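J.: Please read through the structure below; I'll follow up with questions.
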Amino acid sequence: MVALLWLLSACTEPPDSLDEIRKDGVLRVVTRNGPTTFYESQGSPTGFEYYLAREFADYLGVDLEIEPVVGLEELFERLEKGQADIAAAGLTITPERQQTFSFGPSYMTVKQLFIYNREKLDKPEDETALQNLRIRVLSNSYHAEILQQLREEYPDLRWSESRDQETIDLLQMLNDGEIDITMVDSNEFHANRAFYPEFRIAMSAGTPGKLAWAMSNRRQHARLLEEMSLFYKKIEENGELGRLVDRFFTFNERQPFLRTQTFLQMKDERLPNYKGLIEQVAIEYDMDWRFLAAISYQESYWNPKAKSPTGVRGMMMLTLPTAKELGVANRLDPLQSLRGGARYYKKLYARLPGGIEAPDRAWFALAAYNIGLGHLEDARVITEKRGGNPNLWKDVKESLPLLRQRKWYKQTRYGYARGDEPVRYVENIRSYYSLLTWDELNRYRVPPPRIVSDYLPEALNRGLNAL
Ligand code: GLU
């Protein structure tokens with residue numbers, strides 16, 4: 001009888017998600033395609049949400065199954081139907097969503113930005129000025145919720161919603177003049193901005209959004225949420241979360257705008273002449289060609305005849321002694337220079353202390369390429385003295401500039417150095433590298449069909465199309 005009662009109650013109780021995930025040995029994650037969430041790089045998945053989800057799957061001791069879908073509607077549908085355990089897609093916690101979904105701890109706070117194309121439109125100064133413009137946002141998004149709230153105050157506000165599109169599609173439409181305004185999260189804006197030099201922020205809207213993972217309330221998540229809280233606490237404390245944020249977001253925000261524009265122009269004008277050589281050397285040295293391309297751009301703007309007053313030369317700007325050591329006979333020969341530079345980079349990479357892990361190891365090797373292993377080691381020692389982690393780039397890059405200050409360099413083994421330079425050097429290369437990666441994402445992605453949502457009354461959509 002007791003067993004029967006237990007069985008009956010077990011039938012009516014919603015299933016426990018953590019039990020199911022553990023039983024299947026798989027965490028099923030649904031996500032969206034874009035530079036802030038999930039994309040492919042050289043045939044491997046990458047992106048902020050991807051890494052975060054992978055860490056969580058590791059933490060639970062299960063495999064990760066990640067699937068990108070197009071649009072928020074499909075994303076929420078999959079959650080509802082139980083086809084995914086969690087959605088990891090830059091989702092904002094909203095009161096409306098909280099009626100159907102549970103959210104994990106928030107990992108980032110963003111602003112929602114109205115964006116316009118300054119080539120096609122004068123800056124709309126306030127919400128009233130938005131009223132006659134063609135606005136388009138993702139359907140089912142927080143942005144659509146904000147617009148609905150705004151309409152209470154500005155009844156003439158009109159907009160359309162894309163059901164089967166991604167943020168990157170909206171940005172493309174804005175670029176092509178198909179719409180006047182879109183709203184995106186600030187992290188997305190910064191990640192995409194370099195590709196759209198004419199985009200500007202008109203204003204922000206709504207209360208700042210807290211981003212988190214979402215789960216359907218059809219299952220019980222109390223235990224999964226508990227694990228998730230412990231996981232987030234852990235990655236916040238051990239610096240992993242900060243490292244991921246640093247890796248995927250912050251550097252592009254700081255990157256001077258003009259510099260990215262020059263880069264993108266050179267990428268079209270100069271890179272094609274050397275891309276074949278760069279790819280060849282990258283294969284020889286087992287590197288990502290885009291990474292080698294980013295380094296050589298930072299070194300010489302892809303100019304094989306580059307010269308500096310200090311005597312460094314060529315595509316990879318090698319000094320004479322380094323060139324000799326690397327067996328480079330002619331520094332002005334781009335193939336030799338690239339090979340020399342790649343070999344030097346790999347050598348430094350291998351010589352770094354064991355505790356420095358990828359991807360930070362790459363940033364450290366670059367810093368050493370720029371300033372030498374000795375000064376870099378000094379900065380690691382300073383980092384430790386200041387209570388930071390000498391194996392994390394985000395900590396060591398704070399200490400490197402201190403090598404200019406007597407108070408600090410007098411305590412070091414190799415003394416004074418212009419330690420701010422390797423920091424700029426590394427951050428530039430990282431940003432060029434990500435531009436090359438995202439450029440491919442945008443270029444080779446097949447855009448989804450552009451379907452105007454029927455979310456708005458038909459008459460409204462007609463009006464919009466007539467605008
Ligand atoms: N954070 C947005 C939302 O939850 C999605 C990201 C975007 O499309 O900008 O609706």
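Following the order of the structure tokens, chains are lettered A, B, ..., residues in each are numbered from 1, and ligands are numbered from 1.
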Quick one: residues within 7 Å of ligand 1, with only C-alpha atoms and all ligand atoms, as a PyMOL selection string?

T.: chain A and resi 90-93+138+140-143+167+184-185+188+211

J.: Identify, on the basis of only C-alpha atoms, every residue whose closest approach to Thr100 of chain A does not exceed 9 Å; exclude the query and any residue fewer than 6 positions from it along the same chain; express the result as a VMD selection string.

T.: chain A and resid 80 215 to 218

J.: Just checking: using only C-alpha atoms, which residue out of A:Met228, A:Ile135, A:Val29, A:Leu402 ends up closest to Ala87 of chain A?

T.: A:Val29

J.: Extract, using only C-alpha atoms, all DNA, RNA and protein residues at most 6 Å from segment 361-371 of chain A, discarding same-chain residues fewer than 4 positions from it, and format them as a list in words.

T.: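 Counting only C-alpha atoms, the residues come to Leu348, Tyr349, Ile356, Glu357 and Pro422 of chain A.
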
J.: So that I have them on file, write out the residues from the current selection with N, CA, C and O atoms, as an mmCIF file, in the first residue's frame.

T.:
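Listing of part.cif after writing:
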data_model
loop_
_atom_site.group_PDB
_atom_site.id
_atom_site.type_symbol
_atom_site.label_atom_id
_atom_site.label_comp_id
_atom_site.auth_asym_id
_atom_site.auth_seq_id
_atom_site.Cartn_x
_atom_site.Cartn_y
_atom_site.Cartn_z
ATOM 1 N N LEU A 348 58.730 29.948 -27.089
ATOM 2 C CA LEU A 348 58.364 30.650 -25.856
ATOM 3 C C LEU A 348 57.183 29.955 -25.179
ATOM 4 O O LEU A 348 57.149 29.794 -23.958
ATOM 5 N N TYR A 349 56.236 29.537 -25.990
ATOM 6 C CA TYR A 349 55.042 28.854 -25.472
ATOM 7 C C TYR A 349 55.467 27.628 -24.665
ATOM 8 O O TYR A 349 54.974 27.372 -23.566
ATOM 9 N N ILE A 356 50.602 27.547 -16.287
ATOM 10 C CA ILE A 356 49.846 28.482 -17.138
ATOM 11 C C ILE A 356 49.127 27.684 -18.221
ATOM 12 O O ILE A 356 49.752 27.041 -19.053
ATOM 13 N N GLU A 357 47.808 27.753 -18.170
ATOM 14 C CA GLU A 357 47.041 26.905 -19.086
ATOM 15 C C GLU A 357 46.455 27.688 -20.255
ATOM 16 O O GLU A 357 46.301 28.901 -20.188
ATOM 17 N N PRO A 422 53.703 45.240 -23.741
ATOM 18 C CA PRO A 422 53.187 43.882 -24.017
ATOM 19 C C PRO A 422 51.692 43.757 -23.756
ATOM 20 O O PRO A 422 51.024 42.955 -24.415
#

J.: Near segment 381-398 of chain A, counting only C-alpha atoms, which residues have an atom at most 9 Å away, once you skip same-chain residues fewer than 5 positions from it, shown as a list in words?

T.: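 Counting only C-alpha atoms, the residues come to Gly239, Gly242, Arg243, Asp246, Pro353, Gly355, Ile356, Glu357, Asp360, Arg361, Trp363, Phe364, Leu376, Leu403, Trp408, Gln411, Thr412, Gly419, Asp420, Pro422 and Val423 of chain A.
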
J.: Taking only C-alpha atoms into account, which of A:Ala53, A:Asp156, A:Lys410, A:Val110 comes nearest Phe231 of chain A?

T.: A:Ala53

J.: Looking at only C-alpha atoms, which of A:Trp302, A:Ala350, A:Leu335, A:Ala294 is the one that sits closest to Met266 of chain A?

T.: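 Of all the options, A:Trp302 lies closest to Met266 of chain A.
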
J.: Grab the atom CA of Arg343 of chain A to atom CA of Glu284 of chain A distance for me, in Å with one decimal place.

T.: 9.7 Å

J.: Determine, counting only C-alpha atoms, which protein, DNA and RNA residues have an atom within 7 Å of an atom of Glu73 of chain A; residues of the same chain fewer than 3 positions away are not included. Present the result as a PDB file with all heavy atoms, in the first residue's frame.

T.:
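Below you can see out-v8.pdb, which holds the result:
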ATOM      1  N   PHE A  76      12.830  28.641 -26.546  1.00  0.00           N
ATOM      2  CA  PHE A  76      11.923  28.414 -25.411  1.00  0.00           C
ATOM      3  C   PHE A  76      11.032  27.191 -25.661  1.00  0.00           C
ATOM      4  O   PHE A  76      10.690  26.470 -24.723  1.00  0.00           O
ATOM      5  CB  PHE A  76      11.081  29.672 -25.150  1.00  0.00           C
ATOM      6  CG  PHE A  76      11.880  30.793 -24.545  1.00  0.00           C
ATOM      7  CD1 PHE A  76      11.940  32.043 -25.144  1.00  0.00           C
ATOM      8  CD2 PHE A  76      12.593  30.596 -23.367  1.00  0.00           C
ATOM      9  CE1 PHE A  76      12.697  33.072 -24.578  1.00  0.00           C
ATOM     10  CE2 PHE A  76      13.349  31.611 -22.802  1.00  0.00           C
ATOM     11  CZ  PHE A  76      13.396  32.860 -23.414  1.00  0.00           C
ATOM     12  N   GLU A  77      10.702  26.970 -26.915  1.00  0.00           N
ATOM     13  CA  GLU A  77       9.870  25.812 -27.251  1.00  0.00           C
ATOM     14  C   GLU A  77      10.592  24.513 -26.877  1.00  0.00           C
ATOM     15  O   GLU A  77      10.015  23.603 -26.323  1.00  0.00           O
ATOM     16  CB  GLU A  77       9.617  25.858 -28.750  1.00  0.00           C
ATOM     17  CG  GLU A  77       8.279  25.300 -29.167  1.00  0.00           C
ATOM     18  CD  GLU A  77       8.117  25.514 -30.665  1.00  0.00           C
ATOM     19  OE1 GLU A  77       7.658  26.613 -31.028  1.00  0.00           O
ATOM     20  OE2 GLU A  77       8.487  24.603 -31.436  1.00  0.00           O
ATOM     21  N   ASN A 140       9.794  37.461 -28.844  1.00  0.00           N
ATOM     22  CA  ASN A 140       9.993  36.759 -27.571  1.00  0.00           C
ATOM     23  C   ASN A 140      11.162  37.296 -26.762  1.00  0.00           C
ATOM     24  O   ASN A 140      11.620  36.638 -25.838  1.00  0.00           O
ATOM     25  CB  ASN A 140      10.242  35.262 -27.776  1.00  0.00           C
ATOM     26  CG  ASN A 140       9.029  34.564 -28.302  1.00  0.00           C
ATOM     27  OD1 ASN A 140       8.073  34.343 -27.574  1.00  0.00           O
ATOM     28  ND2 ASN A 140       9.022  34.254 -29.585  1.00  0.00           N
ATOM     29  N   ARG A 163      11.019  36.441 -35.980  1.00  0.00           N
ATOM     30  CA  ARG A 163      10.863  35.194 -35.242  1.00  0.00           C
ATOM     31  C   ARG A 163      12.021  34.230 -35.536  1.00  0.00           C
ATOM     32  O   ARG A 163      12.506  33.550 -34.650  1.00  0.00           O
ATOM     33  CB  ARG A 163       9.546  34.554 -35.637  1.00  0.00           C
ATOM     34  CG  ARG A 163       9.145  33.463 -34.700  1.00  0.00           C
ATOM     35  CD  ARG A 163       8.068  32.640 -35.317  1.00  0.00           C
ATOM     36  NE  ARG A 163       6.787  33.298 -35.247  1.00  0.00           N
ATOM     37  CZ  ARG A 163       5.775  33.009 -36.068  1.00  0.00           C
ATOM     38  NH1 ARG A 163       5.932  32.123 -37.025  1.00  0.00           N
ATOM     39  NH2 ARG A 163       4.623  33.604 -35.938  1.00  0.00           N
TER      40      ARG A 163
END

J.: Tell me, in Å to one decimal, how far atom CA of Leu338 of chain A is from atom CA of Ser296 of chain A.

T.: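 Distance reported for this atom pair: 7.7 Å.
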
J.: Using only C-alpha atoms, which of A:Glu74, A:Glu226, A:Glu20, A:Glu161 sits nearest Arg134 of chain A?

T.: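 Closest candidate: A:Glu161.
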
J.: For Ala129 of chain A, work out the shell of residues within 12 Å, counting only C-alpha atoms and skipping chain neighbours fewer than 3 positions away, then give it as an mmCIF file with all heavy atoms, in the first residue's frame.

T.:
data_model
loop_
_atom_site.group_PDB
_atom_site.id
_atom_site.type_symbol
_atom_site.label_atom_id
_atom_site.label_comp_id
_atom_site.auth_asym_id
_atom_site.auth_seq_id
_atom_site.Cartn_x
_atom_site.Cartn_y
_atom_site.Cartn_z
ATOM 1 N N PHE A 114 19.222 50.931 -27.899
ATOM 2 C CA PHE A 114 18.653 51.241 -29.213
ATOM 3 C C PHE A 114 19.820 51.633 -30.115
ATOM 4 O O PHE A 114 20.566 52.553 -29.781
ATOM 5 C CB PHE A 114 17.697 52.436 -29.116
ATOM 6 C CG PHE A 114 16.317 52.082 -28.658
ATOM 7 C CD1 PHE A 114 15.825 52.553 -27.445
ATOM 8 C CD2 PHE A 114 15.488 51.299 -29.458
ATOM 9 C CE1 PHE A 114 14.536 52.248 -27.028
ATOM 10 C CE2 PHE A 114 14.193 50.991 -29.051
ATOM 11 C CZ PHE A 114 13.727 51.453 -27.832
ATOM 12 N N LEU A 121 20.641 57.740 -40.774
ATOM 13 C CA LEU A 121 19.659 58.360 -39.888
ATOM 14 C C LEU A 121 20.348 59.321 -38.940
ATOM 15 O O LEU A 121 21.457 59.067 -38.486
ATOM 16 C CB LEU A 121 18.991 57.230 -39.070
ATOM 17 C CG LEU A 121 17.811 57.598 -38.190
ATOM 18 C CD1 LEU A 121 16.572 57.789 -39.051
ATOM 19 C CD2 LEU A 121 17.536 56.480 -37.163
ATOM 20 N N ASP A 122 19.672 60.450 -38.639
ATOM 21 C CA ASP A 122 20.181 61.338 -37.595
ATOM 22 C C ASP A 122 19.837 60.723 -36.247
ATOM 23 O O ASP A 122 18.840 60.009 -36.127
ATOM 24 C CB ASP A 122 19.518 62.714 -37.699
ATOM 25 C CG ASP A 122 20.022 63.454 -38.928
ATOM 26 O OD1 ASP A 122 21.149 63.155 -39.373
ATOM 27 O OD2 ASP A 122 19.266 64.289 -39.465
ATOM 28 N N LYS A 123 20.625 61.062 -35.279
ATOM 29 C CA LYS A 123 20.414 60.435 -33.969
ATOM 30 C C LYS A 123 19.021 60.769 -33.413
ATOM 31 O O LYS A 123 18.680 61.951 -33.269
ATOM 32 C CB LYS A 123 21.477 60.936 -32.991
ATOM 33 C CG LYS A 123 21.323 60.316 -31.624
ATOM 34 C CD LYS A 123 22.426 60.729 -30.687
ATOM 35 C CE LYS A 123 22.194 60.062 -29.341
ATOM 36 N NZ LYS A 123 23.204 60.356 -28.374
ATOM 37 N N PRO A 124 18.233 59.744 -33.103
ATOM 38 C CA PRO A 124 16.966 60.032 -32.435
ATOM 39 C C PRO A 124 17.275 60.420 -30.994
ATOM 40 O O PRO A 124 17.915 59.667 -30.274
ATOM 41 C CB PRO A 124 16.215 58.693 -32.491
ATOM 42 C CG PRO A 124 17.092 57.765 -33.267
ATOM 43 C CD PRO A 124 18.461 58.317 -33.292
ATOM 44 N N GLU A 125 16.847 61.621 -30.612
ATOM 45 C CA GLU A 125 17.278 62.149 -29.324
ATOM 46 C C GLU A 125 16.532 61.554 -28.138
ATOM 47 O O GLU A 125 17.053 61.475 -27.045
ATOM 48 C CB GLU A 125 17.159 63.672 -29.284
ATOM 49 C CG GLU A 125 18.145 64.398 -30.211
ATOM 50 C CD GLU A 125 19.623 64.137 -29.872
ATOM 51 O OE1 GLU A 125 19.906 63.708 -28.746
ATOM 52 O OE2 GLU A 125 20.481 64.359 -30.757
ATOM 53 N N ASP A 126 15.276 61.184 -28.376
ATOM 54 C CA ASP A 126 14.511 60.615 -27.259
ATOM 55 C C ASP A 126 13.469 59.638 -27.794
ATOM 56 O O ASP A 126 13.373 59.418 -29.001
ATOM 57 C CB ASP A 126 13.837 61.728 -26.447
ATOM 58 C CG ASP A 126 13.033 62.660 -27.347
ATOM 59 O OD1 ASP A 126 12.621 62.201 -28.442
ATOM 60 O OD2 ASP A 126 12.823 63.823 -26.989
ATOM 61 N N ASN A 132 8.274 57.319 -35.349
ATOM 62 C CA ASN A 132 7.998 57.111 -36.773
ATOM 63 C C ASN A 132 9.043 56.260 -37.464
ATOM 64 O O ASN A 132 9.128 56.243 -38.678
ATOM 65 C CB ASN A 132 7.875 58.464 -37.474
ATOM 66 C CG ASN A 132 6.637 59.184 -36.980
ATOM 67 O OD1 ASN A 132 5.575 58.571 -36.881
ATOM 68 N ND2 ASN A 132 6.788 60.447 -36.621
ATOM 69 N N LEU A 133 9.828 55.578 -36.690
ATOM 70 C CA LEU A 133 10.934 54.839 -37.299
ATOM 71 C C LEU A 133 10.619 53.352 -37.433
ATOM 72 O O LEU A 133 9.772 52.818 -36.717
ATOM 73 C CB LEU A 133 12.199 55.034 -36.461
ATOM 74 C CG LEU A 133 12.667 56.488 -36.353
ATOM 75 C CD1 LEU A 133 13.888 56.588 -35.465
ATOM 76 C CD2 LEU A 133 12.959 57.068 -37.730
ATOM 77 N N ARG A 134 11.328 52.721 -38.390
ATOM 78 C CA ARG A 134 11.160 51.271 -38.560
ATOM 79 C C ARG A 134 12.054 50.563 -37.531
ATOM 80 O O ARG A 134 13.265 50.494 -37.687
ATOM 81 C CB ARG A 134 11.560 50.851 -39.972
ATOM 82 C CG ARG A 134 10.669 51.414 -41.066
ATOM 83 C CD ARG A 134 11.287 51.182 -42.419
ATOM 84 N NE ARG A 134 12.629 51.763 -42.477
ATOM 85 C CZ ARG A 134 13.509 51.530 -43.443
ATOM 86 N NH1 ARG A 134 13.206 50.724 -44.439
ATOM 87 N NH2 ARG A 134 14.698 52.091 -43.431
ATOM 88 N N ILE A 135 11.428 50.080 -36.507
ATOM 89 C CA ILE A 135 12.167 49.417 -35.418
ATOM 90 C C ILE A 135 11.931 47.921 -35.567
ATOM 91 O O ILE A 135 10.817 47.486 -35.895
ATOM 92 C CB ILE A 135 11.654 49.889 -34.042
ATOM 93 C CG1 ILE A 135 11.748 51.416 -33.941
ATOM 94 C CG2 ILE A 135 12.412 49.211 -32.908
ATOM 95 C CD1 ILE A 135 11.138 51.990 -32.675
ATOM 96 N N TYR A 154 4.248 55.965 -25.121
ATOM 97 C CA TYR A 154 4.366 56.521 -26.481
ATOM 98 C C TYR A 154 3.502 55.676 -27.417
ATOM 99 O O TYR A 154 4.007 54.769 -28.080
ATOM 100 C CB TYR A 154 5.833 56.496 -26.933
ATOM 101 C CG TYR A 154 6.752 57.219 -25.976
ATOM 102 C CD1 TYR A 154 7.410 56.517 -24.955
ATOM 103 C CD2 TYR A 154 6.933 58.593 -26.067
ATOM 104 C CE1 TYR A 154 8.227 57.181 -24.043
ATOM 105 C CE2 TYR A 154 7.752 59.259 -25.163
ATOM 106 C CZ TYR A 154 8.392 58.550 -24.155
ATOM 107 O OH TYR A 154 9.195 59.198 -23.262
ATOM 108 N N ASP A 156 2.314 55.858 -30.229
ATOM 109 C CA ASP A 156 2.572 55.735 -31.668
ATOM 110 C C ASP A 156 3.800 54.895 -31.985
ATOM 111 O O ASP A 156 4.212 54.794 -33.138
ATOM 112 C CB ASP A 156 2.735 57.128 -32.292
ATOM 113 C CG ASP A 156 1.386 57.837 -32.354
ATOM 114 O OD1 ASP A 156 0.366 57.120 -32.408
ATOM 115 O OD2 ASP A 156 1.370 59.072 -32.315
ATOM 116 N N LEU A 157 4.387 54.345 -30.969
ATOM 117 C CA LEU A 157 5.566 53.512 -31.191
ATOM 118 C C LEU A 157 5.155 52.258 -31.967
ATOM 119 O O LEU A 157 4.198 51.575 -31.597
ATOM 120 C CB LEU A 157 6.141 53.127 -29.832
ATOM 121 C CG LEU A 157 7.578 52.649 -29.775
ATOM 122 C CD1 LEU A 157 8.527 53.750 -30.214
ATOM 123 C CD2 LEU A 157 7.921 52.216 -28.354
ATOM 124 N N ARG A 158 5.863 51.960 -33.052
ATOM 125 C CA ARG A 158 5.580 50.766 -33.858
ATOM 126 C C ARG A 158 6.872 49.972 -34.021
ATOM 127 O O ARG A 158 7.945 50.552 -34.072
ATOM 128 C CB ARG A 158 5.118 51.157 -35.264
ATOM 129 C CG ARG A 158 3.870 51.985 -35.305
ATOM 130 C CD ARG A 158 2.648 51.074 -35.175
ATOM 131 N NE ARG A 158 1.420 51.846 -35.211
ATOM 132 C CZ ARG A 158 0.862 52.414 -34.128
ATOM 133 N NH1 ARG A 158 1.442 52.306 -32.957
ATOM 134 N NH2 ARG A 158 -0.262 53.085 -34.233
ATOM 135 N N ASP A 180 15.470 51.021 -39.360
ATOM 136 C CA ASP A 180 16.122 52.237 -38.843
ATOM 137 C C ASP A 180 16.757 52.013 -37.481
ATOM 138 O O ASP A 180 17.737 52.661 -37.134
ATOM 139 C CB ASP A 180 15.089 53.362 -38.689
ATOM 140 C CG ASP A 180 14.456 53.733 -40.016
ATOM 141 O OD1 ASP A 180 15.198 53.816 -41.012
ATOM 142 O OD2 ASP A 180 13.222 53.900 -40.050
ATOM 143 N N ILE A 181 16.128 51.145 -36.712
ATOM 144 C CA ILE A 181 16.546 50.988 -35.317
ATOM 145 C C ILE A 181 16.406 49.527 -34.916
ATOM 146 O O ILE A 181 15.453 48.852 -35.319
ATOM 147 C CB ILE A 181 15.596 51.779 -34.379
ATOM 148 C CG1 ILE A 181 15.655 53.285 -34.652
ATOM 149 C CG2 ILE A 181 15.855 51.471 -32.916
ATOM 150 C CD1 ILE A 181 16.740 54.019 -33.936
ATOM 151 N N ALA A 202 21.660 55.073 -29.724
ATOM 152 C CA ALA A 202 20.735 56.203 -29.620
ATOM 153 C C ALA A 202 20.440 56.453 -28.145
ATOM 154 O O ALA A 202 20.542 57.569 -27.654
ATOM 155 C CB ALA A 202 19.457 55.921 -30.388
ATOM 156 N N MET A 203 20.071 55.409 -27.445
ATOM 157 C CA MET A 203 19.778 55.509 -26.003
ATOM 158 C C MET A 203 19.631 54.104 -25.442
ATOM 159 O O MET A 203 19.516 53.152 -26.213
ATOM 160 C CB MET A 203 18.494 56.317 -25.776
ATOM 161 C CG MET A 203 17.254 55.649 -26.324
ATOM 162 S SD MET A 203 15.881 56.800 -26.522
ATOM 163 C CE MET A 203 16.134 57.374 -28.196
#

J.: Using only C-alpha atoms, which of the listed residues (A:Gly415, A:Pro197, A:Gly327, A:Pro321) sits closest to Phe263 of chain A?

T.: A:Pro197

J.: Check the smallest atom-to-atom distance from each of A:Gln165, A:Gln112, A:Asn273, A:Ser102 to Gly34 of chain A using only C-alpha atoms, then report the winner.

T.: A:Gln165

J.: Would you kindly return, as a count of residues only, each protein, DNA or RNA residue with an atom no farther than 8 Å from any atom of segment 64-71 of chain A, considering only C-alpha atoms and excluding same-chain residues fewer than 2 positions away?

T.: 25

J.: Between atom CA of Glu49 of chain A and atom CA of Tyr116 of chain A, what distance in Å does the model show, to one decimal?

T.: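 We find that atom CA of Glu49 of chain A and atom CA of Tyr116 of chain A lie 26.9 Å from each other.
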
J.: What are the DSSP strand (DSSP E or B) residues of segment 164-349 of chain A, as a list in words?

T.: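 In segment 164-349 of chain A, DSSP puts these residues in strand (DSSP E or B): Ile181, Thr182, Met183, Val184, Asp185, Phe199, Arg200, Ile201, Ala202, Met203, Ser204, Ala205, Gly206, Thr207, Pro208, Gly209, Lys210, Leu211, Ala212, Trp213, Ala214, Met215, Ser216, Gln220, Lys307, Arg313 and Leu318 of chain A.
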
J.: Could you go through segment 376-455 of chain A and tell me which residues DSSP, when run on the backbone, assigns to helix (DSSP H, G or I), listing them as a PyMOL selection string?

T.: chain A and resi 376-385+393-404+406-409+420-444
